[in-house]
Structure formats: C-alpha cells, structure tokens
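**Student:** Structure file query.csv, CSV, N, CA and C atoms and all ligand atoms, is pasted below:
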chain,number,residue,atom,x,y,z
A,1,MET,N,-22.9,0.2,-10.5
A,1,MET,CA,-23.6,1.1,-9.6
A,1,MET,C,-22.7,2.2,-9.0
A,2,PRO,N,-23.1,3.5,-9.1
A,2,PRO,CA,-22.1,4.5,-8.6
A,2,PRO,C,-21.8,4.4,-7.1
A,3,LYS,N,-20.6,4.7,-6.8
A,3,LYS,CA,-20.2,4.5,-5.4
A,3,LYS,C,-20.9,5.6,-4.5
A,4,ILE,N,-20.9,6.8,-5.1
A,4,ILE,CA,-21.6,7.9,-4.3
A,4,ILE,C,-22.7,8.4,-5.2
A,5,THR,N,-23.9,8.6,-4.6
A,5,THR,CA,-25.0,9.2,-5.3
A,5,THR,C,-25.4,10.5,-4.7
A,6,TRP,N,-25.6,11.5,-5.6
A,6,TRP,CA,-26.0,12.8,-5.1
A,6,TRP,C,-27.5,12.7,-4.7
A,7,SER,N,-27.9,13.4,-3.6
A,7,SER,CA,-29.3,13.4,-3.3
A,7,SER,C,-29.6,14.8,-2.8
A,8,GLU,N,-30.9,15.1,-2.7
A,8,GLU,CA,-31.3,16.5,-2.2
A,8,GLU,C,-30.7,16.8,-0.9
A,9,LEU,N,-30.4,15.7,-0.1
A,9,LEU,CA,-29.8,16.0,1.2
A,9,LEU,C,-28.5,16.7,1.1
A,10,LEU,N,-27.9,16.5,0.0
A,10,LEU,CA,-26.5,17.2,-0.2
A,10,LEU,C,-26.7,18.6,-0.8
A,11,SER,N,-27.9,19.0,-1.2
A,11,SER,CA,-28.1,20.3,-1.8
A,11,SER,C,-27.6,21.4,-0.8
A,12,VAL,N,-26.9,22.4,-1.4
A,12,VAL,CA,-26.5,23.6,-0.6
A,12,VAL,C,-27.4,24.8,-0.9
A,13,GLY,N,-28.4,24.6,-1.7
A,13,GLY,CA,-29.3,25.7,-2.0
A,13,GLY,C,-28.8,26.6,-3.1
A,14,ASN,N,-27.8,26.3,-3.8
A,14,ASN,CA,-27.3,27.1,-4.9
A,14,ASN,C,-27.1,26.1,-6.1
A,15,GLU,N,-27.8,26.4,-7.2
A,15,GLU,CA,-27.8,25.5,-8.3
A,15,GLU,C,-26.4,25.2,-8.9
A,16,GLU,N,-25.7,26.3,-9.1
A,16,GLU,CA,-24.4,26.1,-9.7
A,16,GLU,C,-23.5,25.3,-8.8
A,17,ILE,N,-23.5,25.5,-7.5
A,17,ILE,CA,-22.6,24.8,-6.6
A,17,ILE,C,-23.1,23.3,-6.6
A,18,ASP,N,-24.4,23.1,-6.5
A,18,ASP,CA,-24.9,21.7,-6.6
A,18,ASP,C,-24.4,21.0,-7.8
A,19,ASN,N,-24.5,21.7,-9.0
A,19,ASN,CA,-24.0,21.1,-10.2
A,19,ASN,C,-22.6,20.7,-10.2
A,20,GLN,N,-21.8,21.6,-9.5
A,20,GLN,CA,-20.3,21.3,-9.4
A,20,GLN,C,-20.1,20.1,-8.5
A,21,HIS,N,-20.9,20.1,-7.4
A,21,HIS,CA,-20.7,18.9,-6.5
A,21,HIS,C,-21.1,17.6,-7.3
A,22,LYS,N,-22.2,17.7,-8.1
A,22,LYS,CA,-22.6,16.5,-8.9
A,22,LYS,C,-21.5,16.1,-9.8
A,23,LYS,N,-20.8,17.1,-10.5
A,23,LYS,CA,-19.8,16.8,-11.4
A,23,LYS,C,-18.6,16.2,-10.7
A,24,TRP,N,-18.3,16.7,-9.5
A,24,TRP,CA,-17.2,16.2,-8.7
A,24,TRP,C,-17.4,14.7,-8.3
A,25,ILE,N,-18.7,14.4,-7.9
A,25,ILE,CA,-19.1,13.0,-7.6
A,25,ILE,C,-19.0,12.1,-8.8
A,26,GLU,N,-19.3,12.7,-10.0
A,26,GLU,CA,-19.2,11.9,-11.2
A,26,GLU,C,-17.8,11.6,-11.5
A,27,ILE,N,-16.9,12.5,-11.3
A,27,ILE,CA,-15.4,12.3,-11.6
A,27,ILE,C,-15.0,11.2,-10.6
A,28,PHE,N,-15.4,11.3,-9.4
A,28,PHE,CA,-15.0,10.3,-8.4
A,28,PHE,C,-15.5,8.9,-8.8
A,29,ASN,N,-16.8,8.8,-9.2
A,29,ASN,CA,-17.4,7.5,-9.5
A,29,ASN,C,-16.7,6.9,-10.7
A,30,THR,N,-16.4,7.7,-11.7
A,30,THR,CA,-15.8,7.2,-13.0
A,30,THR,C,-14.4,6.6,-12.6
A,31,SER,N,-13.6,7.4,-11.8
A,31,SER,CA,-12.3,6.9,-11.4
A,31,SER,C,-12.5,5.6,-10.6
A,32,TYR,N,-13.4,5.5,-9.8
A,32,TYR,CA,-13.7,4.4,-8.9
A,32,TYR,C,-14.0,3.1,-9.8
A,33,ASP,N,-14.9,3.3,-10.7
A,33,ASP,CA,-15.3,2.3,-11.6
A,33,ASP,C,-14.1,1.7,-12.4
A,34,LYS,N,-13.3,2.7,-12.9
A,34,LYS,CA,-12.1,2.2,-13.7
A,34,LYS,C,-11.2,1.4,-12.8
A,35,MET,N,-11.0,1.8,-11.6
A,35,MET,CA,-10.1,1.0,-10.7
A,35,MET,C,-10.7,-0.4,-10.5
A,36,MET,N,-12.0,-0.5,-10.5
A,36,MET,CA,-12.6,-1.8,-10.2
A,36,MET,C,-12.5,-2.7,-11.4
A,37,CYS,N,-12.5,-2.1,-12.6
A,37,CYS,CA,-12.6,-3.0,-13.8
A,37,CYS,C,-11.3,-3.2,-14.6
A,38,ASP,N,-10.4,-2.2,-14.6
A,38,ASP,CA,-9.3,-2.2,-15.5
A,38,ASP,C,-8.2,-3.2,-15.2
A,39,ASN,N,-7.4,-3.4,-16.1
A,39,ASN,CA,-6.2,-4.2,-16.0
A,39,ASN,C,-5.4,-3.8,-14.8
A,40,TYR,N,-4.9,-4.8,-14.0
A,40,TYR,CA,-4.1,-4.5,-12.8
A,40,TYR,C,-2.9,-3.6,-13.0
A,41,SER,N,-2.3,-3.8,-14.2
A,41,SER,CA,-1.0,-3.1,-14.5
A,41,SER,C,-1.3,-1.6,-14.7
A,42,LEU,N,-2.6,-1.3,-15.0
A,42,LEU,CA,-3.0,0.1,-15.3
A,42,LEU,C,-3.3,0.9,-14.0
A,43,LEU,N,-3.4,0.1,-12.9
A,43,LEU,CA,-4.0,0.8,-11.7
A,43,LEU,C,-3.3,2.0,-11.2
A,44,SER,N,-1.9,2.0,-11.2
A,44,SER,CA,-1.3,3.2,-10.7
A,44,SER,C,-1.5,4.4,-11.6
A,45,SER,N,-1.5,4.1,-12.9
A,45,SER,CA,-1.8,5.3,-13.8
A,45,SER,C,-3.2,5.8,-13.6
A,46,ILE,N,-4.2,4.9,-13.3
A,46,ILE,CA,-5.5,5.4,-13.1
A,46,ILE,C,-5.6,6.2,-11.8
A,47,GLY,N,-4.8,5.8,-10.8
A,47,GLY,CA,-4.7,6.5,-9.5
A,47,GLY,C,-4.2,7.9,-9.8
A,48,VAL,N,-3.1,8.0,-10.5
A,48,VAL,CA,-2.5,9.3,-10.8
A,48,VAL,C,-3.4,10.2,-11.6
A,49,ASP,N,-4.1,9.6,-12.6
A,49,ASP,CA,-5.1,10.4,-13.4
A,49,ASP,C,-6.2,10.9,-12.5
A,50,ALA,N,-6.7,10.0,-11.7
A,50,ALA,CA,-7.9,10.4,-10.8
A,50,ALA,C,-7.5,11.5,-9.9
A,51,LEU,N,-6.3,11.4,-9.3
A,51,LEU,CA,-5.8,12.4,-8.4
A,51,LEU,C,-5.6,13.8,-9.1
A,52,LYS,N,-5.0,13.8,-10.3
A,52,LYS,CA,-4.8,15.0,-11.1
A,52,LYS,C,-6.2,15.7,-11.4
A,53,GLN,N,-7.1,14.8,-11.8
A,53,GLN,CA,-8.5,15.4,-12.2
A,53,GLN,C,-9.1,16.0,-10.9
A,54,MET,N,-9.0,15.3,-9.8
A,54,MET,CA,-9.6,15.8,-8.5
A,54,MET,C,-8.9,17.1,-8.1
A,55,MET,N,-7.6,17.2,-8.3
A,55,MET,CA,-6.9,18.4,-7.9
A,55,MET,C,-7.4,19.6,-8.8
A,56,GLU,N,-7.5,19.3,-10.0
A,56,GLU,CA,-7.9,20.4,-10.9
A,56,GLU,C,-9.3,20.9,-10.6
A,57,TYR,N,-10.2,19.9,-10.4
A,57,TYR,CA,-11.6,20.2,-10.2
A,57,TYR,C,-11.7,20.9,-8.8
A,58,ALA,N,-11.0,20.4,-7.8
A,58,ALA,CA,-11.1,21.0,-6.5
A,58,ALA,C,-10.7,22.5,-6.5
A,59,GLN,N,-9.6,22.8,-7.3
A,59,GLN,CA,-9.1,24.2,-7.4
A,59,GLN,C,-10.2,25.1,-7.9
A,60,MET,N,-10.8,24.7,-9.0
A,60,MET,CA,-11.8,25.5,-9.7
A,60,MET,C,-13.0,25.6,-8.8
A,61,HIS,N,-13.5,24.5,-8.2
A,61,HIS,CA,-14.7,24.5,-7.4
A,61,HIS,C,-14.5,25.3,-6.1
A,62,PHE,N,-13.4,25.2,-5.5
A,62,PHE,CA,-13.2,25.9,-4.2
A,62,PHE,C,-13.1,27.4,-4.5
A,63,GLU,N,-12.5,27.8,-5.6
A,63,GLU,CA,-12.4,29.2,-5.9
A,63,GLU,C,-13.9,29.8,-6.1
A,64,PHE,N,-14.7,29.0,-6.8
A,64,PHE,CA,-16.0,29.4,-7.0
A,64,PHE,C,-16.8,29.6,-5.7
A,65,GLU,N,-16.7,28.5,-4.9
A,65,GLU,CA,-17.4,28.5,-3.7
A,65,GLU,C,-17.0,29.6,-2.7
A,66,GLU,N,-15.7,29.9,-2.7
A,66,GLU,CA,-15.2,30.9,-1.8
A,66,GLU,C,-15.7,32.3,-2.2
A,67,LYS,N,-15.7,32.5,-3.5
A,67,LYS,CA,-16.3,33.8,-4.1
A,67,LYS,C,-17.7,33.9,-3.7
A,68,TYR,N,-18.5,32.8,-3.8
A,68,TYR,CA,-19.9,32.8,-3.4
A,68,TYR,C,-20.1,33.2,-1.9
A,69,MET,N,-19.2,32.6,-1.1
A,69,MET,CA,-19.3,32.8,0.3
A,69,MET,C,-19.0,34.3,0.7
A,70,GLN,N,-18.1,34.9,-0.1
A,70,GLN,CA,-17.7,36.3,0.0
A,70,GLN,C,-18.9,37.1,-0.3
A,71,GLN,N,-19.5,36.8,-1.5
A,71,GLN,CA,-20.7,37.6,-1.9
A,71,GLN,C,-21.8,37.6,-0.9
A,72,ILE,N,-22.0,36.5,-0.2
A,72,ILE,CA,-23.2,36.5,0.7
A,72,ILE,C,-22.7,36.9,2.1
A,73,ASN,N,-21.5,37.4,2.2
A,73,ASN,CA,-20.9,37.9,3.5
A,73,ASN,C,-21.0,36.8,4.6
A,74,TYR,N,-20.6,35.6,4.2
A,74,TYR,CA,-20.6,34.5,5.1
A,74,TYR,C,-19.6,34.7,6.2
A,75,PRO,N,-20.0,34.7,7.4
A,75,PRO,CA,-19.0,35.0,8.5
A,75,PRO,C,-18.0,34.0,8.8
A,76,ALA,N,-18.2,32.7,8.4
A,76,ALA,CA,-17.2,31.7,8.7
A,76,ALA,C,-16.4,31.3,7.4
A,77,LEU,N,-16.3,32.3,6.5
A,77,LEU,CA,-15.5,32.1,5.3
A,77,LEU,C,-14.1,31.6,5.5
A,78,LEU,N,-13.4,32.2,6.4
A,78,LEU,CA,-12.0,31.9,6.7
A,78,LEU,C,-11.8,30.4,7.1
A,79,GLU,N,-12.7,30.0,8.1
A,79,GLU,CA,-12.6,28.7,8.6
A,79,GLU,C,-12.9,27.7,7.4
A,80,HIS,N,-13.9,28.0,6.6
A,80,HIS,CA,-14.3,27.2,5.5
A,80,HIS,C,-13.1,27.1,4.5
A,81,LYS,N,-12.5,28.2,4.2
A,81,LYS,CA,-11.4,28.2,3.3
A,81,LYS,C,-10.2,27.4,3.8
A,82,LEU,N,-10.1,27.4,5.1
A,82,LEU,CA,-9.0,26.6,5.7
A,82,LEU,C,-9.2,25.1,5.4
A,83,GLN,N,-10.5,24.7,5.5
A,83,GLN,CA,-10.8,23.3,5.2
A,83,GLN,C,-10.4,22.9,3.8
A,84,HIS,N,-10.8,23.9,2.9
A,84,HIS,CA,-10.4,23.7,1.5
A,84,HIS,C,-8.9,23.6,1.3
A,85,ASP,N,-8.2,24.5,1.9
A,85,ASP,CA,-6.7,24.6,1.8
A,85,ASP,C,-6.1,23.3,2.3
A,86,LEU,N,-6.6,22.8,3.5
A,86,LEU,CA,-6.0,21.6,4.1
A,86,LEU,C,-6.2,20.4,3.1
A,87,PHE,N,-7.4,20.3,2.5
A,87,PHE,CA,-7.7,19.2,1.6
A,87,PHE,C,-6.8,19.3,0.4
A,88,LYS,N,-6.6,20.5,-0.1
A,88,LYS,CA,-5.7,20.7,-1.3
A,88,LYS,C,-4.3,20.2,-0.9
A,89,LEU,N,-3.8,20.6,0.3
A,89,LEU,CA,-2.5,20.1,0.7
A,89,LEU,C,-2.4,18.6,0.8
A,90,GLN,N,-3.5,18.0,1.3
A,90,GLN,CA,-3.5,16.5,1.4
A,90,GLN,C,-3.3,15.9,0.0
A,91,LEU,N,-4.1,16.5,-1.0
A,91,LEU,CA,-4.0,15.9,-2.3
A,91,LEU,C,-2.6,16.2,-2.9
A,92,GLU,N,-2.1,17.4,-2.6
A,92,GLU,CA,-0.7,17.7,-3.2
A,92,GLU,C,0.3,16.7,-2.6
A,93,LYS,N,0.2,16.4,-1.3
A,93,LYS,CA,1.1,15.5,-0.6
A,93,LYS,C,1.1,14.1,-1.3
A,94,ILE,N,-0.1,13.6,-1.5
A,94,ILE,CA,-0.2,12.3,-2.2
A,94,ILE,C,0.4,12.4,-3.5
A,95,ASN,N,0.1,13.5,-4.3
A,95,ASN,CA,0.7,13.6,-5.6
A,95,ASN,C,2.2,13.6,-5.6
A,96,GLN,N,2.8,14.3,-4.6
A,96,GLN,CA,4.2,14.4,-4.5
A,96,GLN,C,4.8,13.0,-4.2
A,97,ASN,N,4.1,12.2,-3.4
A,97,ASN,CA,4.5,10.8,-3.1
A,97,ASN,C,4.5,10.0,-4.4
A,98,PHE,N,3.5,10.2,-5.2
A,98,PHE,CA,3.5,9.5,-6.5
A,98,PHE,C,4.7,9.9,-7.3
A,99,ASP,N,5.0,11.2,-7.4
A,99,ASP,CA,6.2,11.6,-8.1
A,99,ASP,C,7.5,11.1,-7.6
A,100,ASN,N,7.5,10.9,-6.3
A,100,ASN,CA,8.7,10.3,-5.7
A,100,ASN,C,8.8,8.8,-5.7
A,101,GLY,N,7.8,8.2,-6.4
A,101,GLY,CA,7.8,6.8,-6.5
A,101,GLY,C,7.2,6.0,-5.4
A,102,ILE,N,6.7,6.8,-4.4
A,102,ILE,CA,6.1,6.1,-3.2
A,102,ILE,C,4.6,6.0,-3.5
A,103,LEU,N,4.2,4.8,-4.0
A,103,LEU,CA,2.8,4.7,-4.4
A,103,LEU,C,1.9,4.4,-3.2
A,104,LYS,N,0.9,5.2,-3.0
A,104,LYS,CA,-0.1,4.9,-2.0
A,104,LYS,C,-1.2,4.0,-2.6
A,105,LEU,N,-1.8,3.2,-1.8
A,105,LEU,CA,-2.8,2.3,-2.4
A,105,LEU,C,-4.0,3.2,-3.0
A,106,ASN,N,-4.4,2.8,-4.2
A,106,ASN,CA,-5.5,3.6,-4.8
A,106,ASN,C,-6.7,3.6,-3.9
A,107,SER,N,-7.0,2.4,-3.2
A,107,SER,CA,-8.2,2.3,-2.4
A,107,SER,C,-8.1,3.3,-1.2
A,108,GLU,N,-6.9,3.5,-0.7
A,108,GLU,CA,-6.7,4.4,0.4
A,108,GLU,C,-7.0,5.9,-0.1
A,109,ILE,N,-6.5,6.2,-1.3
A,109,ILE,CA,-6.7,7.5,-1.8
A,109,ILE,C,-8.2,7.8,-2.1
A,110,MET,N,-8.9,6.7,-2.7
A,110,MET,CA,-10.3,6.9,-3.0
A,110,MET,C,-11.1,7.0,-1.7
A,111,LYS,N,-10.7,6.3,-0.7
A,111,LYS,CA,-11.4,6.4,0.6
A,111,LYS,C,-11.3,7.8,1.2
A,112,LEU,N,-10.1,8.3,1.1
A,112,LEU,CA,-9.8,9.6,1.7
A,112,LEU,C,-10.7,10.7,0.9
A,113,ILE,N,-10.7,10.6,-0.4
A,113,ILE,CA,-11.4,11.5,-1.2
A,113,ILE,C,-12.9,11.4,-0.9
A,114,GLU,N,-13.4,10.1,-0.9
A,114,GLU,CA,-14.8,9.9,-0.7
A,114,GLU,C,-15.3,10.4,0.7
A,115,ASN,N,-14.5,10.1,1.7
A,115,ASN,CA,-14.9,10.6,3.1
A,115,ASN,C,-14.9,12.1,3.1
A,116,TRP,N,-13.8,12.7,2.5
A,116,TRP,CA,-13.8,14.2,2.6
A,116,TRP,C,-14.9,14.8,1.8
A,117,LEU,N,-15.1,14.3,0.6
A,117,LEU,CA,-16.2,14.9,-0.3
A,117,LEU,C,-17.5,14.9,0.4
A,118,ILE,N,-17.9,13.7,0.8
A,118,ILE,CA,-19.2,13.6,1.5
A,118,ILE,C,-19.3,14.3,2.8
A,119,GLY,N,-18.3,14.1,3.6
A,119,GLY,CA,-18.3,14.8,4.9
A,119,GLY,C,-18.3,16.3,4.8
A,120,HIS,N,-17.6,16.8,3.8
A,120,HIS,CA,-17.5,18.3,3.6
A,120,HIS,C,-18.8,18.8,3.1
A,121,ILE,N,-19.4,18.2,2.1
A,121,ILE,CA,-20.6,18.7,1.5
A,121,ILE,C,-21.7,18.6,2.6
A,122,GLN,N,-21.7,17.5,3.3
A,122,GLN,CA,-22.8,17.3,4.3
A,122,GLN,C,-22.7,18.2,5.5
A,123,LYS,N,-21.4,18.5,5.9
A,123,LYS,CA,-21.3,19.3,7.2
A,123,LYS,C,-21.0,20.7,6.9
A,124,GLU,N,-19.8,21.0,6.3
A,124,GLU,CA,-19.3,22.3,6.1
A,124,GLU,C,-20.2,23.1,5.1
A,125,ASP,N,-20.5,22.6,4.0
A,125,ASP,CA,-21.2,23.3,3.0
A,125,ASP,C,-22.6,23.6,3.4
A,126,GLN,N,-23.2,22.7,4.2
A,126,GLN,CA,-24.5,22.9,4.7
A,126,GLN,C,-24.6,24.2,5.6
A,127,LYS,N,-23.5,24.5,6.3
A,127,LYS,CA,-23.5,25.7,7.2
A,127,LYS,C,-23.8,27.0,6.4
A,128,TYR,N,-23.2,27.1,5.2
A,128,TYR,CA,-23.5,28.4,4.5
A,128,TYR,C,-25.0,28.3,3.9
A,129,LYS,N,-25.5,27.1,3.7
A,129,LYS,CA,-26.9,27.0,3.3
A,129,LYS,C,-27.8,27.5,4.4
A,130,ILE,N,-27.5,27.1,5.6
A,130,ILE,CA,-28.3,27.5,6.8
A,130,ILE,C,-28.1,29.1,6.9
A,131,PHE,N,-26.9,29.6,6.7
A,131,PHE,CA,-26.7,31.0,6.9
A,131,PHE,C,-27.5,31.8,5.9
A,132,ILE,N,-27.5,31.4,4.6
A,132,ILE,CA,-28.2,32.1,3.6
A,132,ILE,C,-29.7,32.0,3.7
A,133,THR,N,-30.1,30.9,4.2
A,133,THR,CA,-31.6,30.7,4.4
A,133,THR,C,-32.1,31.5,5.5
A,134,ASN,N,-31.3,31.7,6.6
A,134,ASN,CA,-31.8,32.4,7.8
A,134,ASN,C,-31.3,33.8,8.0
A,135,PHE,N,-30.1,34.1,7.5
A,135,PHE,CA,-29.6,35.4,7.9
A,135,PHE,C,-29.2,36.3,6.8
A,136,ALA,N,-28.9,35.8,5.6
A,136,ALA,CA,-28.5,36.7,4.5
A,136,ALA,C,-29.6,37.6,4.0
A,137,LYS,N,-29.2,38.8,3.7
A,137,LYS,CA,-30.2,39.7,3.1
A,137,LYS,C,-30.6,39.2,1.7
A,138,LYS,N,-31.9,39.2,1.5
A,138,LYS,CA,-32.3,38.6,0.2
A,138,LYS,C,-32.3,39.8,-0.8
A,201,FE,FE,-16.7,23.8,0.6
Represent the supplied structure as structure tokens.
**Tutor:**
Amino acid sequence: MPKITWSELLSVGNEEIDNQHKKWIEIFNTSYDKMMCDNYSLLSSIGVDALKQMMEYAQMHFEFEEKYMQQINYPALLEHKLQHDLFKLQLEKINQNFDNGILKLNSEIMKLIENWLIGHIQKEDQKYKIFITNFAKK
C-alpha cells in the first residue's frame, strides 16, 4: 500500500503541477517500498538513490512552479521560493552528510521528506490556488 496517496484535496488547480506532485509522491512511495522490502545491506544505497532522485525532481519541479507563480503575478512568490530554497538546502545537507560518511537513518530522511511534501502541498501550494481562483485575471 502506498505510504502517501494523492487526492483531490491536494490539487492546486493546475493540471501540470498536480501531475508533477503525483510523480513526486510516486518517487517517494517507490523509495519507501524499497526500504521496507530490500536486503538490509542495501539500505544505505537505497537512501542515497532516493535522496538523489528527490533532489533532481525537486529542482525541476520548483523551477516550474516558480515560473508559474511569476506568470500569474503571485504576490507571495518570494516567500514561497524561500520555502523551496530551504528545503533544497536541507536535502543538500543530508546529501553532504552521506558523502562524509555520516549516515542518517533512512527512516528519518523519509519522514522529513514525507512531512515536507505533504505539508508544503497542503499549505503553501494551496495559497496560490486560492490566489488564482479569487484574484488573478482570467
Ligand atoms: Fe511549492
């Protein structure tokens, strides 16, 4: 059973961004499943791979979303971008720790990503949905 399930409650009113969120959730769920099933000795490499995939996807997705917010003249773009940048920094920091041989628990990393992903889509991303629904020129 997937750890996170996308539902209409997470929709931000933009099909492409919704699809990207679904893809991101799928990446998360696949990594999570692997961690639950695979051989114990593979766990750290699964963690590294999951993190790398997350970082790559985050980069692409954030750029797309920030461009979209710019197009709709979203007034809180800078605050929103700051949230993205802080999350990218968090991921980079964990990645550096991996490179330095300081392994963080996979479960800790997955929890952090899960909380951020859901929290961000539910709270921050919903704000631009509200904006475009109520204030943006159609
Ligand atoms: Fe966002």
**Student:** Once you count only C-alpha atoms and all ligand atoms, which residues end up within 7 Å of ligand FE 201 (chain A), and could you hand them over as a PyMOL selection string?
**Tutor:** chain A and resi 62+65+80+84+120-121+124-125
**Student:** Quick one, how far is atom CA of A:Met110 from atom C of A:Val12?
**Tutor:** 24.8 Å
**Student:** Select all residues near (-29.1, 29.3, -3.4) (cut-off 8 Å, inclusive, file coordinates), counting all atoms listed in the file, and output them as a list in words.
**Tutor:**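 Within 8 Å of (-29.1, 29.3, -3.4), the protein and nucleic acid residues are Val12, Gly13, Asn14, Glu15, Glu16, Ile17, Lys129, Ile132 and Thr133 of chain A.
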**Student:** Would you list the contacts of A:Leu51 as a VMD selection string, taking every protein, DNA or RNA residue within 8 Å and counting only C-alpha atoms, but skipping same-chain residues closer than 3 positions in sequence?
**Tutor:** chain A and resid 47 to 48 54 to 55 91 95
**Student:** What does the structure give for the distance between atom CA of A:Tyr57 and atom C of A:Phe131, in Å to one decimal?
**Tutor:**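 The value is 25.4 Å.
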**Student:** Counting only N, CA and C atoms, which residue out of A:Glu8, A:Lys3, A:Leu89, A:Gly119 sits closest to A:Tyr32?
**Tutor:** A:Lys3
**Student:** Which residues come within 8 Å of A:Lys22, counting only N, CA and C atoms, excluding same-chain residues fewer than 6 positions away, as a ChimeraX atom specification?
**Tutor:** /A:5-6,16,28
**Student:** Do you have the atom C of A:Ile113-atom N of A:Ile130 distance handy?
**Tutor:**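 Going from atom C of A:Ile113 over to atom N of A:Ile130 covers 22.4 Å.
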